[in-house]
Every structure is written in C-alpha cells, then in structure tokens.
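Next up, input27.txt (compact mmCIF, C-alpha atoms):
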```txt
# COMPACT_ATOMS: atom_id res chain seq x y z
CA MET A 1 101.27 86.77 104.32
CA VAL A 2 100.99 90.47 105.05
CA ASN A 3 97.53 91.86 104.44
CA GLY A 4 97.69 95.24 106.16
CA ASP A 5 99.26 98.43 104.87
CA PRO A 6 102.38 99.73 106.64
CA PHE A 7 101.01 103.19 107.51
CA THR A 8 97.51 102.84 108.90
CA HIS A 9 97.59 99.46 110.61
CA GLN A 10 100.00 97.56 112.79
CA ALA A 11 99.93 94.30 110.85
CA ALA A 12 102.92 95.05 108.59
CA SER A 13 104.90 96.11 111.64
CA THR A 14 104.05 92.97 113.61
CA ALA A 15 104.98 90.94 110.54
CA TYR A 16 108.32 92.76 110.31
CA HIS A 17 109.25 92.11 113.94
CA PHE A 18 108.14 88.48 113.71
CA THR A 19 110.11 87.93 110.51
CA ARG A 20 113.23 89.54 111.94
CA ALA A 21 113.02 87.48 115.13
CA ALA A 22 112.57 84.29 113.11
CA LEU A 23 115.59 85.07 110.92
CA GLN A 24 117.75 85.95 113.93
CA LYS A 25 116.82 82.59 115.44
CA GLY A 26 118.09 80.86 112.32
CA HIS A 27 114.77 80.01 110.69
CA GLU A 28 114.36 80.24 106.94
CA ILE A 29 111.72 82.57 105.56
CA LEU A 30 110.68 81.13 102.21
CA ARG A 31 108.69 84.16 101.06
CA VAL A 32 106.88 87.20 102.37
CA PHE A 33 103.72 87.66 100.30
CA PHE A 34 102.00 91.04 100.41
CA TYR A 35 98.24 91.04 99.67
CA HIS A 36 95.30 93.44 100.07
CA ASP A 37 96.64 96.78 101.33
CA GLY A 38 99.87 95.03 102.30
CA VAL A 39 101.09 95.79 98.77
CA HIS A 40 101.74 99.38 99.88
CA THR A 41 104.70 98.06 101.87
CA GLY A 42 106.49 97.81 98.52
CA THR A 43 106.38 101.51 97.73
CA ARG A 44 109.58 103.51 97.47
CA LEU A 45 107.75 106.85 97.46
CA ASN A 46 106.57 107.17 101.05
CA VAL A 47 108.08 109.95 103.14
CA ALA A 48 108.22 109.03 106.81
CA PRO A 49 108.11 111.91 109.28
CA GLN A 50 111.42 112.40 111.12
CA ASP A 51 110.26 110.90 114.40
CA GLU A 52 108.36 107.96 112.88
CA ARG A 53 109.56 104.58 111.72
CA ASP A 54 109.80 104.08 107.99
CA LEU A 55 108.38 100.59 107.71
CA PRO A 56 108.75 100.17 103.94
CA ARG A 57 112.42 101.08 104.33
CA LEU A 58 112.84 98.66 107.27
CA TRP A 59 111.39 95.86 105.17
CA ARG A 60 113.72 96.75 102.26
CA GLU A 61 116.73 96.65 104.57
CA LEU A 62 115.67 93.34 106.11
CA GLY A 63 115.18 91.99 102.61
CA VAL A 64 118.71 92.97 101.62
CA GLN A 65 120.26 91.73 104.86
CA TYR A 66 118.73 88.26 104.57
CA GLY A 67 118.08 87.94 100.83
CA LEU A 68 114.33 87.76 101.36
CA ASP A 69 111.81 87.09 98.62
CA LEU A 70 109.44 90.05 99.07
CA ALA A 71 106.55 89.30 96.71
CA VAL A 72 103.81 91.83 96.02
CA CYS A 73 100.61 90.40 94.53
CA VAL A 74 100.13 91.70 90.99
CA SER A 75 96.34 92.05 91.03
CA ALA A 76 96.15 93.66 94.47
CA ALA A 77 99.03 95.98 93.55
CA GLN A 78 97.54 97.08 90.24
CA ARG A 79 94.25 97.95 91.94
CA ARG A 80 96.08 100.07 94.47
CA GLY A 81 98.56 101.77 92.14
CA VAL A 82 101.72 99.93 93.15
CA LEU A 83 103.60 99.23 89.93
CA ASP A 84 107.07 98.30 88.82
CA ALA A 85 108.57 99.88 85.72
CA SER A 86 107.39 97.20 83.31
CA GLU A 87 103.85 97.14 84.70
CA ALA A 88 103.70 100.94 84.47
CA GLN A 89 104.80 100.85 80.85
CA ARG A 90 102.41 98.02 79.97
CA HIS A 91 99.46 99.93 81.40
CA GLY A 92 100.44 103.32 80.04
CA LYS A 93 101.14 104.90 83.42
CA ASP A 94 103.56 107.82 83.69
CA GLY A 95 105.35 106.57 86.78
CA ASP A 96 106.22 103.52 88.86
CA ASN A 97 106.80 103.14 92.57
CA LEU A 98 107.85 99.60 93.44
CA ALA A 99 110.85 99.63 95.76
CA PRO A 100 114.04 97.74 94.93
CA GLY A 101 114.10 94.35 96.60
CA PHE A 102 110.37 93.77 96.07
CA ARG A 103 108.98 91.92 93.06
CA ILE A 104 105.55 91.68 91.47
CA ALA A 105 104.19 88.14 91.70
CA GLY A 106 101.04 86.17 90.90
CA LEU A 107 98.75 84.63 93.52
CA GLY A 108 100.16 81.24 92.62
CA GLN A 109 103.30 82.26 94.51
CA LEU A 110 101.25 82.44 97.70
CA ILE A 111 99.85 78.94 97.19
CA ASP A 112 103.30 77.63 96.25
CA ALA A 113 104.73 79.05 99.46
CA GLY A 114 101.93 77.43 101.44
CA ILE A 115 102.77 74.10 99.84
CA ASP A 116 106.53 74.33 100.38
CA ALA A 117 106.80 76.03 103.77
CA GLU A 118 106.42 74.27 107.10
CA ARG A 119 104.39 77.15 108.51
CA LEU A 120 102.39 80.01 106.99
CA VAL A 121 101.46 82.97 109.19
CA VAL A 122 98.92 85.61 108.18
CA PHE A 123 99.22 89.19 109.46
CA GLY A 124 95.89 90.88 108.75
CA GLU A 125 94.12 94.04 109.76
CA MET B 1 100.20 69.13 117.45
CA ASN B 2 97.74 71.83 118.37
CA MET B 3 96.70 75.04 116.65
CA LEU B 4 97.89 78.53 117.44
CA HIS B 5 95.28 81.29 117.16
CA THR B 6 96.49 84.88 116.89
CA VAL B 7 93.96 87.61 117.70
CA SER B 8 94.86 91.18 116.81
CA LYS B 9 91.72 93.28 117.39
CA SER B 10 90.30 94.72 120.58
CA PRO B 11 87.50 92.60 122.10
CA PHE B 12 85.48 95.78 122.64
CA GLY B 13 85.33 96.80 119.00
CA HIS B 14 85.48 93.53 117.12
CA THR B 15 84.16 89.99 117.22
CA ALA B 16 87.54 88.43 116.45
CA LEU B 17 88.23 87.21 119.99
CA GLU B 18 84.67 86.03 120.57
CA THR B 19 84.65 84.00 117.36
CA CYS B 20 88.13 82.65 118.06
CA LEU B 21 87.00 81.40 121.48
CA ARG B 22 83.94 79.80 119.91
CA LEU B 23 86.00 77.84 117.40
CA ALA B 24 89.23 77.10 119.26
CA ARG B 25 89.42 73.52 120.48
CA LYS B 26 90.84 72.17 123.72
CA GLY B 27 94.62 72.18 123.84
CA ALA B 28 95.04 75.08 121.42
CA SER B 29 96.93 78.28 122.22
CA ILE B 30 95.74 81.84 121.79
CA LEU B 31 98.19 84.69 121.30
CA LEU B 32 96.84 88.20 121.84
CA ILE B 33 98.72 90.78 119.78
CA GLU B 34 98.26 94.44 118.75
CA ASP B 35 94.93 95.82 120.03
CA ALA B 36 93.83 92.41 121.29
CA VAL B 37 96.21 92.71 124.26
CA TYR B 38 93.45 94.67 126.04
CA ALA B 39 91.76 91.28 126.49
CA ALA B 40 94.65 90.26 128.77
CA LEU B 41 93.83 92.91 131.36
CA ARG B 42 92.41 91.91 134.69
CA GLN B 43 89.98 94.79 135.13
CA THR B 44 87.69 94.38 132.12
CA THR B 45 84.21 92.92 131.77
CA ILE B 46 85.58 90.16 129.55
CA ALA B 47 88.36 88.99 131.87
CA ASP B 48 86.10 86.12 132.96
CA LYS B 49 85.94 84.85 129.38
CA ILE B 50 89.71 84.60 129.28
CA THR B 51 89.89 82.91 132.67
CA THR B 52 87.29 80.37 131.57
CA ALA B 53 89.07 79.83 128.27
CA MET B 54 92.30 79.08 130.12
CA LYS B 55 90.75 75.92 131.55
CA GLU B 56 91.19 74.36 128.11
CA LEU B 57 93.55 76.65 126.22
CA SER B 58 96.86 78.41 126.82
CA VAL B 59 96.66 82.18 126.50
CA TYR B 60 99.61 84.42 125.71
CA ALA B 61 99.96 88.16 125.12
CA LEU B 62 102.67 90.05 123.27
CA GLU B 63 104.41 92.18 125.87
CA PRO B 64 105.71 94.97 123.59
CA ASP B 65 102.12 95.61 122.47
CA LEU B 66 100.90 95.70 126.08
CA ARG B 67 103.66 98.12 127.13
CA ALA B 68 103.02 100.37 124.13
CA ARG B 69 99.44 100.70 125.35
CA GLY B 70 100.48 101.62 128.88
CA PHE B 71 100.00 98.30 130.65
CA GLY B 72 102.27 95.68 132.16
CA GLN B 73 102.57 92.35 133.91
CA GLY B 74 100.98 93.66 137.08
CA GLN B 75 97.67 94.35 135.34
CA VAL B 76 97.41 91.11 133.44
CA ILE B 77 95.02 88.26 134.26
CA ASP B 78 96.73 85.49 136.24
CA GLY B 79 97.76 82.72 133.93
CA VAL B 80 98.14 84.81 130.78
CA LYS B 81 101.77 84.46 129.76
CA LEU B 82 103.60 87.50 128.41
CA ILE B 83 106.02 86.82 125.58
CA ASP B 84 108.11 88.78 123.11
CA TYR B 85 108.60 88.28 119.36
CA ASP B 86 111.08 85.46 119.98
CA GLY B 87 108.36 83.73 121.97
CA PHE B 88 105.91 84.38 119.12
CA VAL B 89 108.26 82.61 116.73
CA ASP B 90 108.63 79.69 119.14
CA LEU B 91 104.85 79.37 119.42
CA VAL B 92 104.51 79.17 115.64
CA VAL B 93 107.13 76.42 115.50
CA GLU B 94 105.52 74.47 118.37
CA HIS B 95 102.04 74.46 116.84
CA GLN B 96 100.80 72.66 113.74
CA SER B 97 99.21 75.67 112.10
CA VAL B 98 98.26 79.29 112.75
CA GLN B 99 94.86 80.92 112.32
CA ALA B 100 94.80 84.73 112.38
CA TRP B 101 91.66 86.42 113.72
CA PHE B 102 91.27 90.15 112.99
CA MET C 1 110.55 72.41 92.68
CA SER C 2 108.71 72.36 89.34
CA ALA C 3 109.86 75.00 86.87
CA ASN C 4 106.22 75.92 86.28
CA PRO C 5 104.82 77.15 89.57
CA ASP C 6 101.29 76.39 88.43
CA ILE C 7 101.78 72.62 88.37
CA ALA C 8 101.85 70.86 91.74
CA LEU C 9 104.42 68.09 92.04
CA PRO C 10 102.49 64.85 91.71
CA ASN C 11 104.53 62.97 94.29
CA LYS C 12 103.95 65.49 97.09
CA ARG C 13 101.04 64.95 99.46
CA ALA C 14 98.31 67.48 98.78
CA LYS C 15 98.09 69.91 101.68
CA LYS C 16 94.83 70.93 103.29
CA PHE C 17 94.23 74.64 102.68
CA MET C 18 91.31 76.39 104.37
CA LEU C 19 90.39 79.92 103.33
CA VAL C 20 88.55 81.63 106.17
CA ASN C 21 86.10 84.41 105.33
CA ARG C 22 84.62 86.56 108.09
CA ARG C 23 83.77 89.74 106.25
CA PRO C 24 80.68 90.70 104.24
CA PRO C 25 80.91 91.53 100.53
CA HIS C 26 80.94 95.01 98.99
CA GLY C 27 81.71 97.11 102.09
CA SER C 28 85.33 96.22 101.49
CA ILE C 29 87.29 94.29 98.89
CA TYR C 30 88.41 91.53 101.23
CA ALA C 31 85.67 89.11 100.18
CA GLN C 32 86.39 89.54 96.47
CA GLU C 33 90.14 89.27 96.87
CA ALA C 34 89.67 86.15 99.02
CA LEU C 35 87.69 84.56 96.19
CA GLU C 36 90.49 85.43 93.76
CA VAL C 37 92.87 83.44 95.98
CA ALA C 38 90.40 80.55 96.06
CA LEU C 39 90.19 80.38 92.27
CA ILE C 40 93.99 80.15 92.00
CA ALA C 41 94.27 77.70 94.91
CA GLY C 42 91.88 75.29 93.22
CA ALA C 43 94.30 74.92 90.30
CA PHE C 44 97.12 73.57 92.45
CA ASP C 45 95.73 70.08 93.14
CA GLN C 46 95.61 70.76 96.88
CA ASP C 47 92.77 69.92 99.27
CA VAL C 48 91.09 73.32 99.39
CA SER C 49 88.04 74.30 101.39
CA LEU C 50 86.34 77.62 102.11
CA ALA C 51 84.85 78.55 105.47
CA PHE C 52 82.37 81.38 106.01
CA ILE C 53 81.99 82.67 109.56
CA ASP C 54 80.41 85.77 111.13
CA ASP C 55 79.60 88.32 108.41
CA GLY C 56 81.41 86.11 105.92
CA VAL C 57 78.17 84.16 105.48
CA TYR C 58 76.70 87.25 103.78
CA GLN C 59 79.07 86.66 100.86
CA LEU C 60 76.88 83.72 99.85
CA VAL C 61 73.50 85.42 99.97
CA VAL C 62 71.55 84.79 96.75
CA GLY C 63 70.18 87.62 94.66
CA GLN C 64 72.91 90.24 95.09
CA ASP C 65 72.35 93.13 92.66
CA THR C 66 75.30 95.51 92.59
CA GLN C 67 74.12 97.72 89.74
CA GLY C 68 73.54 100.68 91.98
CA THR C 69 77.02 100.46 93.50
CA ASP C 70 80.60 100.40 92.28
CA SER C 71 81.15 96.93 93.62
CA LYS C 72 81.63 93.83 91.48
CA ASN C 73 78.99 91.11 91.76
CA PHE C 74 81.22 88.12 92.26
CA SER C 75 78.62 86.04 94.12
CA ARG C 76 77.76 84.04 91.00
CA THR C 77 81.36 82.86 90.86
CA PHE C 78 80.76 80.74 93.97
CA ARG C 79 78.58 78.48 91.78
CA ALA C 80 81.55 77.91 89.46
CA LEU C 81 84.00 76.95 92.20
CA GLU C 82 83.57 73.25 91.49
CA ASP C 83 84.94 73.89 87.99
CA PHE C 84 88.00 75.37 89.69
CA GLY C 85 88.57 72.32 91.84
CA ILE C 86 86.83 73.47 95.01
CA SER C 87 83.78 71.65 96.26
CA LYS C 88 84.04 72.06 100.02
CA LEU C 89 82.26 75.15 101.30
CA TYR C 90 81.37 75.39 104.98
CA VAL C 91 79.22 77.98 106.72
CA GLU C 92 79.11 78.22 110.48
CA ARG C 93 75.60 77.44 111.66
CA GLU C 94 75.77 79.88 114.59
CA SER C 95 76.66 82.72 112.19
CA LEU C 96 73.76 81.85 109.88
CA GLN C 97 71.29 81.66 112.73
CA ALA C 98 72.43 84.92 114.30
CA ARG C 99 71.68 86.58 110.97
CA GLY C 100 68.33 84.87 110.44
CA LEU C 101 69.62 83.03 107.38
CA ASP C 102 69.30 79.44 106.29
CA ALA C 103 70.59 77.26 103.46
CA ALA C 104 67.84 78.42 101.08
CA ASP C 105 69.20 81.98 101.23
CA LEU C 106 72.58 80.96 99.92
CA VAL C 107 73.73 81.08 96.32
CA VAL C 108 75.54 77.77 96.47
CA ALA C 109 75.29 74.49 98.36
CA ALA C 110 77.42 75.15 101.40
CA GLN C 111 77.49 72.76 104.32
CA ALA C 112 76.20 74.32 107.53
CA VAL C 113 78.34 73.09 110.42
CA SER C 114 78.47 73.90 114.10
CA ALA C 115 81.24 76.05 115.54
CA GLN C 116 82.63 72.97 117.23
CA ALA C 117 82.69 70.94 114.02
CA LEU C 118 84.22 73.82 112.07
CA GLY C 119 86.82 74.31 114.78
CA GLU C 120 87.74 70.65 114.50
CA LEU C 121 87.97 70.94 110.73
CA MET C 122 90.25 73.95 111.13
CA ALA C 123 92.48 72.00 113.47
CA ARG C 124 93.06 69.43 110.74
CA GLN C 125 94.27 71.96 108.17
CA ASP C 126 97.88 72.43 107.10
CA VAL C 127 97.49 76.02 105.91
CA LEU C 128 94.93 78.58 107.07
CA LEU C 129 94.47 81.75 105.06
CA SER C 130 92.25 84.50 106.41
CA PHE C 131 91.22 87.71 104.70
```
Take the structure I supplied and represent it as structure tokens, if you would.
Amino acid sequence: MVNGDPFTHQAASTAYHFTRAALQKGHEILRVFFYHDGVHTGTRLNVAPQDERDLPRLWRELGVQYGLDLAVCVSAAQRRGVLDASEAQRHGKDGDNLAPGFRIAGLGQLIDAGIDAERLVVFGE
Amino acid sequence: MNMLHTVSKSPFGHTALETCLRLARKGASILLIEDAVYAALRQTTIADKITTAMKELSVYALEPDLRARGFGQGQVIDGVKLIDYDGFVDLVVEHQSVQAWF
Amino acid sequence: MSANPDIALPNKRAKKFMLVNRRPPHGSIYAQEALEVALIAGAFDQDVSLAFIDDGVYQLVVGQDTQGTDSKNFSRTFRALEDFGISKLYVERESLQARGLDAADLVVAAQAVSAQALGELMARQDVLLSF
C-alpha cells in the first residue's frame, strides 16, 4: 500500500525499491495499491528534471517487466485529479492523465489483497 | 512469529518512533528507514532509548538511507544492524505482520 | 477467488484487520480517508478493528462543528460503524490522558486500553493498515 506521492516524499521510492527487491528474490507481488497522495504515482504527465529519477516512469517499467497489478484508488484519485479516460469523460473533464499499466480500482481491492496476500506492507508519509 | 515495525520519520520531528517503542512488544523487530535512520546514530540524545529498546527488540536500519544522509556503519549505535532492501524483504517474510509508523 | 470482489469466500478464515489512526481530523485528509477504508472493510466479513493513538484520538472528539471550514464533518459516521460491521474501536489510554481527554469526550463508545494492551492486540493482527 503506497500512501505517499512520488515527488515530495520518499515513501513511493522506498516502496519501489522494496517491490523490486522482492520480485528479484522470486516473491509474488499480488497488488500494489496506491492511496492518499500515492495516487499521483499513476500520472503520465510529470516531467522529471534531467538529473532526477522519474519515479512514476520507474513504476510503469517495473509494472511492465513483472506484469504488476498497479491499482490506483478511485476516490483518492478523483479528489486529486488523477483520472483515466473513462473517468474523465464521465465527470466532464477535458483531459485524463492515468499512465498505461495503472488501473483505477475501488477500496475493496485493497481489502481483497489484504485477505489473499501473505503479507501487506504500508509505505506512508 | 513476531511483528516487524517500520519507522520512517525522524525522531526529532515526529512522535512515530516514540509511539512505536511504547507499543512494540518484546521479541519484535524495528526497522528504521528514510528519515528515521537518524535514530540509529550513536551521537544523539535519543541513542539511549534505542540501546534500551535493544534489550527486548531487534533494531535494524536501512543502509542506503543512512548513506544518502551522510552517515555510515562507523557512526551507528552498537547492535543496530544495517541492511539493504533485500534484507528488508527478508524481514517482512520472517515476521508475522508489519506495522508502519510515520 | 470469488467473481464478485465484494463477497468474502465463506470457507476462508476471517483475517484480523486493524486500522491504525494517529492523525487528527481536518488538518489533513488522512483521518477521513482512513474512515472510508474502514467502511469498506466492514463489508468483507473480516475481523476489523480501529485503533486511535496519539493525535488520532482527536478524531473521536464529540461536538465537531466544521461549518466554518472546508472540511467534512465525518465524526458522526463513527456512530454508524456498527451498521457497517465494525464494533471494535480502541483508543490508547496514554494518548487520551496526554491530551486531557476521557471517554465522555468521545463521540462513540471506544475502549480505552493501555499501550501495552494495544501493542499486544496489534501483535495478534494479520493485517495492519496505517494512514
């Protein structure tokens, strides 16, 4: 569960390195659930300065490499202006910004993951 | 199996570590990450709290976070074990559950 | 896995979920968004409890009037938690005392427990969510 945004706080970065280490060790990551400001990790519109790490992009690439389920909480995302195309259309917004590889999901997906996974780790700020 | 507590905020600006130590039970492990790694340093006014805690708990610190902040093994309280992200993963597997304090 | 994610499989042991709240309401959205998780969690037939520690105890203070602010008054929702399948609310006694509060100041019947007792409760959980 990633509760910190990828720009201001370190939580999303710690979560990334932890997740990558776990996958490299052969563990299965059932889901990565982004809540609170963590939903900003799912943007495709950030522009990372040349000499800085682009954490949203790193997460996208990790997601592709390992087929990760990157779930962005619908209510937290709406509040913060992180929308996929269908959400944007439904709410009459003139743009969307959810990155490929991320999906909008309900809070039930967090509870489901807690039920099915052997461990749940929270990365907060 | 015991609990793993992760603490990610500096002990000088937040109550996360203090509350964690109040609630953690004997046999649990504490992993200091991000700004909480400052609590692993020997020279601070709270070093005694960590040393006392280690009588009943295991204390770890994430080395990459310590190095990023300009500190290393030589400045760490005796008994605090430095680990990397692989070690973090192992700790999660070895403990029953994880509580994040921030 | 059930095709409908909102129905827990009846033959699976219910897991113990504890939602840990350490932040006060209104100064940030964490408290409100934590409650939103609680309301959903209650619907999954799991063993859910809420813990309030440090400034988290302020979330339960009775008589919150948010009219002069932009914040949502979600404190009344704590009274409805039982309808959502959650009846176990714990407040840490040390946190209450440090803030000069007692049970009468709280909007709902929460059990005041010592840090030691709460720590032991935590150690028995399967899943710990903190906000």
In Å, rounded to a single decimal, give me how far CA of Ala80 in chain C is from CA of Leu121 in chain C. 23.3 Å
So how far away is CA of Arg67 in chain B from CA of Ile46 in chain B, in Å?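 CA of Arg67 in chain B lies at a distance of 19.9 Å from CA of Ile46 in chain B.
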Excluding Lys49 in chain B and its own-chain neighbours fewer than 2 positions away, which residues fall within 12 Å of it when counting all atoms listed in the file? Please give them as a list in words. Pro11, Leu17, Glu18, Cys20, Leu21, Arg22, Ala39, Ala40, Leu41, Arg42, Thr44, Thr45, Ile46, Ala47, Thr51, Thr52, Ala53, Met54, Lys55, Glu56, Leu57, Val59 and Ile77 of chain B
Distance filter 10 Å, only C-alpha atoms, chain C against chain B, as a ChimeraX atom specification: /C:18,20,22,53-54,92,94-95,114-131
Each chain A residue no farther than 10 Å from chain C, nearest pair in Å, only C-alpha atoms, as CSV:
```
residue,atom,partner,partner_atom,distance
A:Met1,CA,C:Leu129,CA,8.5
A:Asn3,CA,C:Phe131,CA,7.6
A:Tyr35,CA,C:Glu33,CA,8.8
A:His36,CA,C:Tyr30,CA,7.2
A:Asp37,CA,C:Tyr30,CA,9.8
A:Ser75,CA,C:Glu33,CA,9.0
A:Ala76,CA,C:Glu33,CA,7.8
A:Gly106,CA,C:Ile40,CA,9.3
A:Leu107,CA,C:Val37,CA,6.5
A:Gly108,CA,C:Ile40,CA,6.3
A:Gln109,CA,C:Pro5,CA,7.3
A:Leu110,CA,C:Val37,CA,8.6
A:Ile111,CA,C:Ala41,CA,6.2
A:Asp112,CA,C:Pro5,CA,6.9
A:Gly114,CA,C:Val127,CA,6.5
A:Ile115,CA,C:Lys15,CA,6.5
A:Asp116,CA,C:Met1,CA,8.9
A:Ala117,CA,C:Val127,CA,9.6
A:Glu118,CA,C:Asp126,CA,8.7
A:Arg119,CA,C:Val127,CA,7.5
A:Leu120,CA,C:Val127,CA,6.4
A:Val121,CA,C:Leu128,CA,8.1
A:Val122,CA,C:Leu129,CA,6.7
A:Phe123,CA,C:Ser130,CA,8.9
A:Gly124,CA,C:Phe131,CA,6.9
A:Glu125,CA,C:Phe131,CA,8.6
```
